[in-house]
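K.L.:
Can you read through this structure? Questions will come right after.
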Amino acid sequence: MHIYRCELELMEPLFFASREVSNLFQTEPVIGNYALAYALGFCRAPYHNDGEITYERDLGELNARGIYVTPATLTHAPRFTLTQFNALSEGWWFSMEQNAITVDRARIFDPKKRARAANFPQIGRLKLLALGNRARFFVLSEAAVEIPRYVRLGKFDSKAKVAPREERFGTVQKIKRVVPFYLNPVDLSADTDIGVHDLLSLRPAPLIRNAHLDGEFHELPDGTALPAGMRFAARLWRSV
């Protein structure tokens with residue numbers, strides 16, 4: 001088993017549509033482990049997709065290879081940046097029809113030529129994680145793996161720098177620990193009992209922090225404890 005401690009620094013603002021409140025699209029101060037698994041190149045999604053969810057195939061291959069990635073937890077108070085977007089027409093004339101914008105004046109007077117409704121936001125605000133935010137995550141692997149020094153994340157493929165370091169560790173049997181960083185609870189071993197915790201409800205999987213856990217841990221030299229037996233959970237993928 002190999003364990004890598006990875007320090008991540010944002011080189012550009014980062015956006016995930018974690019929350020949608022009216023016309024405000026917010027990024028939560030955390031990076032999910034599914035996103036990291038793809039960004040690190042451990043698995044790859046097809047370039048063209050017709051809406052199929054491929055977690056079962058992509059992450060199942062990582063389980064077979066014995067690779068797991070934890071969510072990334074910010075190491076300091078998060079900093080955000082707010083911006084606006086406008087996807088309306090830049091033509092000299094346009095009109096709002098039923099949930100759609102048209103730039104063809106003839107459509108207004110011809111019911112057979114109505115514009116189709118658009119199922120995407122046309123104006124709004126984005127709340128992004130600002131450049132310079134730092135986060136930490138861990139990679140656990142049965143075999144040694146190469147971790148890239150730079151990755152792309154989020155809806156806009158924002159650049160981030162990764163500084164990995166392999167850690168020595170020992171395994172301790174059935175103890176109780178409070179884990180201060182984010183974990184994906186559905187990925188924990190069935191032998192790990194979850195007590196009280198802080199819950200961050202996100203899709204495709206909720207995350208927990210400051211969790212009281214009872215189970216087997218990998219203990220690093222600085223006292224960091226990582227739950228043993230974590231795997232990407234198949235029981236979630238079919239319900240996303």
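Identifiers for the structure tokens are assigned positionally: chains receive A, B, ... in sequence, residues are indexed from 1 per chain, and ligands are indexed from 1 in the order shown.
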Leaving out region 6-21 of chain A and any residue of its chain fewer than 4 positions from it, which residues lie within 6 Å of it when counting only C-alpha atoms, given as a ChimeraX atom specification?

P.N.:
/A:25-28,128-138,154-155,158-164

K.L.:
Kindly export the residues of the current selection with C-alpha atoms, as a tab-separated table (two decimals), in the first residue's frame.

P.N.:
```tsv
chain	number	residue	atom	x	y	z
A	25	PHE	CA	-24.56	29.53	-8.94
A	26	GLN	CA	-22.30	28.74	-5.98
A	27	THR	CA	-19.13	26.70	-5.51
A	28	GLU	CA	-18.81	24.99	-2.12
A	128	LEU	CA	-16.08	30.77	-7.59
A	129	LEU	CA	-13.26	29.65	-5.32
A	130	ALA	CA	-10.60	32.35	-5.77
A	131	LEU	CA	-7.11	31.92	-7.12
A	132	GLY	CA	-4.65	30.94	-4.36
A	133	ASN	CA	-6.95	28.76	-2.27
A	134	ARG	CA	-5.13	25.69	-0.96
A	135	ALA	CA	-6.50	22.24	-0.21
A	136	ARG	CA	-5.24	18.81	0.85
A	137	PHE	CA	-6.27	15.33	-0.21
A	138	PHE	CA	-4.85	11.81	-0.06
A	154	GLY	CA	-14.30	22.29	-12.63
A	155	LYS	CA	-16.65	23.53	-15.33
A	158	SER	CA	-9.29	25.71	-14.13
A	159	LYS	CA	-5.61	25.05	-13.59
A	160	ALA	CA	-4.38	23.81	-10.20
A	161	LYS	CA	-0.93	22.87	-8.93
A	162	VAL	CA	-0.45	19.58	-7.04
A	163	ALA	CA	2.49	18.81	-4.74
A	164	PRO	CA	2.41	15.08	-3.80
```

K.L.:
Write out as a PyMOL selection string the set of residues from region 11-234 of chain A that DSSP, computed on the backbone, places in helix (DSSP H, G or I).

P.N.:
chain A and resi 33-39+55-65+105-109+111-113+185-187+234

K.L.:
Counting only C-alpha atoms, what is within 9 Å of Arg125 (chain A), bar same-chain residues fewer than 4 positions away, as a list in words?

P.N.:
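These residues fall inside the cut-off: Asn23, Leu24, Phe25, Gln26, Leu82, Thr83, Gln84, Phe85 and Asn86 of chain A.
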
K.L.:
By how many Å are CA of Thr70 (chain A) and CA of Asn33 (chain A) apart?

P.N.:
5.2 Å
